[in-house]
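Everything on this sheet refers to the single structure shown next.
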Amino acid sequence: GLPPHEAVRNLFEDLQNEQMELGYRIETFNSQGATSRGPLDGGGQERQLVERYRTAASTLATKWPRIAAIFRGLADEYEEIARRWDLEAELRADGAD
């Protein structure tokens, strides 16, 4: 049930095309769309995505290492975004005092 379809995963492994992999990573990231949150919510939404992508990477790593690497990269990116939202929420909370 994990994306992309198994045939696509196999294609990534067969072609080993970095540009195609980058395109898939960008498309996957952009498909999340815009988010909204309260001013003090922090990066909880992104941490859910981190968990999702790390779990997918772990599940797929043995047979499809290239897709797993894409998912690990997405998880790293969302982890950084979560940190930034956390910092912003912390600064807003400090300013409210």
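Ligands are numbered from 1 in the order shown, chains are lettered A, B, ... in the order of the structure tokens, and residues start at 1 in each chain.
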Please identify all polymer residues within 8 Å of stretch 46-52 of chain A, counting only C-alpha atoms, omitting same-chain residues fewer than 4 positions from it, and present them as a CSV table (one decimal) with all heavy atoms, in the first residue's frame.
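Output file result_1.csv is given in full below:
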chain,number,residue,atom,x,y,z
A,56,ALA,N,8.2,4.4,6.0
A,56,ALA,CA,8.2,3.9,4.6
A,56,ALA,C,9.6,3.5,4.1
A,56,ALA,O,9.8,2.5,3.5
A,56,ALA,CB,7.5,4.9,3.7
A,74,LEU,N,13.1,13.1,2.4
A,74,LEU,CA,11.9,13.9,2.7
A,74,LEU,C,11.7,14.0,4.2
A,74,LEU,O,11.3,15.0,4.7
A,74,LEU,CB,10.7,13.2,2.1
A,74,LEU,CG,10.5,13.4,0.6
A,74,LEU,CD1,9.5,12.4,0.0
A,74,LEU,CD2,10.0,14.8,0.3
A,75,ALA,N,12.0,12.9,4.9
A,75,ALA,CA,11.9,12.9,6.4
A,75,ALA,C,12.8,13.9,7.0
A,75,ALA,O,12.4,14.7,7.9
A,75,ALA,CB,12.1,11.5,7.0
A,76,ASP,N,14.0,14.0,6.5
A,76,ASP,CA,15.0,15.0,7.0
A,76,ASP,C,14.5,16.4,6.7
A,76,ASP,O,14.7,17.3,7.6
A,76,ASP,CB,16.4,14.8,6.3
A,76,ASP,CG,17.1,13.5,6.7
A,76,ASP,OD1,16.6,12.8,7.7
A,76,ASP,OD2,18.0,13.1,6.0
A,78,TYR,N,11.4,17.5,6.3
A,78,TYR,CA,10.3,17.8,7.2
A,78,TYR,C,10.7,17.9,8.6
A,78,TYR,O,10.1,18.7,9.4
A,78,TYR,CB,9.2,16.8,7.1
A,78,TYR,CG,8.3,17.0,5.9
A,78,TYR,CD1,8.3,16.1,4.8
A,78,TYR,CD2,7.5,18.1,5.8
A,78,TYR,CE1,7.5,16.3,3.7
A,78,TYR,CE2,6.7,18.4,4.7
A,78,TYR,CZ,6.7,17.5,3.6
A,78,TYR,OH,5.9,17.7,2.5
A,79,GLU,N,11.7,17.2,9.0
A,79,GLU,CA,12.3,17.4,10.4
A,79,GLU,C,12.8,18.8,10.6
A,79,GLU,O,12.6,19.4,11.7
A,79,GLU,CB,13.4,16.3,10.7
A,79,GLU,CG,13.7,16.1,12.1
A,79,GLU,CD,14.5,14.9,12.3
A,79,GLU,OE1,15.6,14.7,11.6
A,79,GLU,OE2,14.1,14.0,13.1
A,81,ILE,N,11.9,21.5,8.9
A,81,ILE,CA,10.7,22.4,8.9
A,81,ILE,C,10.0,22.4,10.2
A,81,ILE,O,9.6,23.4,10.7
A,81,ILE,CB,9.8,22.0,7.7
A,81,ILE,CG1,10.4,22.3,6.4
A,81,ILE,CG2,8.5,22.8,7.8
A,81,ILE,CD1,9.7,21.7,5.2
A,82,ALA,N,9.9,21.2,10.8
A,82,ALA,CA,9.3,21.1,12.2
A,82,ALA,C,10.1,21.9,13.2
A,82,ALA,O,9.5,22.6,14.0
A,82,ALA,CB,9.2,19.6,12.6
Within 9 Å of A:Ile70, counting only C-alpha atoms, which residues qualify if same-chain residues fewer than 3 places away don't, as a PDB file with N, CA, C and O atoms, in the first residue's frame?
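Okay, this is what ended up in around10.pdb:
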ATOM      1  N   GLU A  21      14.659  10.852  -9.766  1.00  0.00           N
ATOM      2  CA  GLU A  21      14.471  10.720  -8.321  1.00  0.00           C
ATOM      3  C   GLU A  21      14.234  12.084  -7.676  1.00  0.00           C
ATOM      4  O   GLU A  21      13.359  12.229  -6.817  1.00  0.00           O
ATOM      5  N   LEU A  22      14.993  13.083  -8.106  1.00  0.00           N
ATOM      6  CA  LEU A  22      14.794  14.436  -7.582  1.00  0.00           C
ATOM      7  C   LEU A  22      13.402  14.936  -7.947  1.00  0.00           C
ATOM      8  O   LEU A  22      12.707  15.536  -7.109  1.00  0.00           O
ATOM      9  N   TYR A  24      10.729  13.175  -8.467  1.00  0.00           N
ATOM     10  CA  TYR A  24       9.745  12.474  -7.640  1.00  0.00           C
ATOM     11  C   TYR A  24       9.733  13.048  -6.226  1.00  0.00           C
ATOM     12  O   TYR A  24       8.672  13.250  -5.640  1.00  0.00           O
ATOM     13  N   ARG A  25      10.914  13.325  -5.701  1.00  0.00           N
ATOM     14  CA  ARG A  25      10.992  13.901  -4.344  1.00  0.00           C
ATOM     15  C   ARG A  25      10.311  15.262  -4.289  1.00  0.00           C
ATOM     16  O   ARG A  25       9.537  15.552  -3.375  1.00  0.00           O
ATOM     17  N   TYR A  53       7.406   9.023   6.577  1.00  0.00           N
ATOM     18  CA  TYR A  53       8.449   8.773   5.589  1.00  0.00           C
ATOM     19  C   TYR A  53       9.571   7.896   6.131  1.00  0.00           C
ATOM     20  O   TYR A  53      10.129   7.082   5.393  1.00  0.00           O
ATOM     21  N   ALA A  57      10.534   4.372   4.475  1.00  0.00           N
ATOM     22  CA  ALA A  57      11.919   4.104   4.079  1.00  0.00           C
ATOM     23  C   ALA A  57      12.410   2.798   4.678  1.00  0.00           C
ATOM     24  O   ALA A  57      13.041   1.979   3.992  1.00  0.00           O
ATOM     25  N   PRO A  65      16.125   0.395  -2.391  1.00  0.00           N
ATOM     26  CA  PRO A  65      16.928   1.363  -1.640  1.00  0.00           C
ATOM     27  C   PRO A  65      16.871   2.786  -2.185  1.00  0.00           C
ATOM     28  O   PRO A  65      17.013   3.748  -1.426  1.00  0.00           O
ATOM     29  N   ARG A  66      16.640   2.960  -3.463  1.00  0.00           N
ATOM     30  CA  ARG A  66      16.602   4.306  -4.022  1.00  0.00           C
ATOM     31  C   ARG A  66      15.340   5.046  -3.571  1.00  0.00           C
ATOM     32  O   ARG A  66      15.392   6.232  -3.230  1.00  0.00           O
ATOM     33  N   ILE A  67      14.224   4.372  -3.566  1.00  0.00           N
ATOM     34  CA  ILE A  67      12.991   4.980  -3.060  1.00  0.00           C
ATOM     35  C   ILE A  67      13.133   5.244  -1.563  1.00  0.00           C
ATOM     36  O   ILE A  67      12.712   6.290  -1.060  1.00  0.00           O
ATOM     37  N   GLY A  73      15.230  11.331   2.713  1.00  0.00           N
ATOM     38  CA  GLY A  73      15.487  12.744   2.426  1.00  0.00           C
ATOM     39  C   GLY A  73      14.285  13.619   2.734  1.00  0.00           C
ATOM     40  O   GLY A  73      14.423  14.712   3.285  1.00  0.00           O
ATOM     41  N   LEU A  74      13.094  13.130   2.379  1.00  0.00           N
ATOM     42  CA  LEU A  74      11.877  13.866   2.710  1.00  0.00           C
ATOM     43  C   LEU A  74      11.708  13.973   4.220  1.00  0.00           C
ATOM     44  O   LEU A  74      11.349  15.034   4.743  1.00  0.00           O
ATOM     45  N   ALA A  75      11.969  12.899   4.933  1.00  0.00           N
ATOM     46  CA  ALA A  75      11.858  12.915   6.395  1.00  0.00           C
ATOM     47  C   ALA A  75      12.818  13.941   6.984  1.00  0.00           C
ATOM     48  O   ALA A  75      12.439  14.708   7.879  1.00  0.00           O
TER      49      ALA A  75
END
Item to complete: Just the helix (DSSP H, G or I) stuff from chain A, please, per backbone DSSP, written as number ranges by chain.
Response: A: 6-15, 18-30, 44-60, 65-96
* Asked: Hey, what's within 8 Å of A:Glu88 if we count only C-alpha atoms and toss same-chain stuff fewer than 4 positions away? As a list of chain:residue names, please?
  -> A:Leu40, A:Gly42, A:Arg84, A:Arg92
Could you save the residues just selected, with C-alpha atoms, as a CSV table (one decimal), in the first residue's frame?
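What landed in again.csv:
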chain,number,residue,atom,x,y,z
A,40,LEU,CA,1.7,28.2,19.1
A,42,GLY,CA,4.8,24.2,16.4
A,84,ARG,CA,11.6,26.0,12.4
A,92,ARG,CA,5.6,33.8,19.8
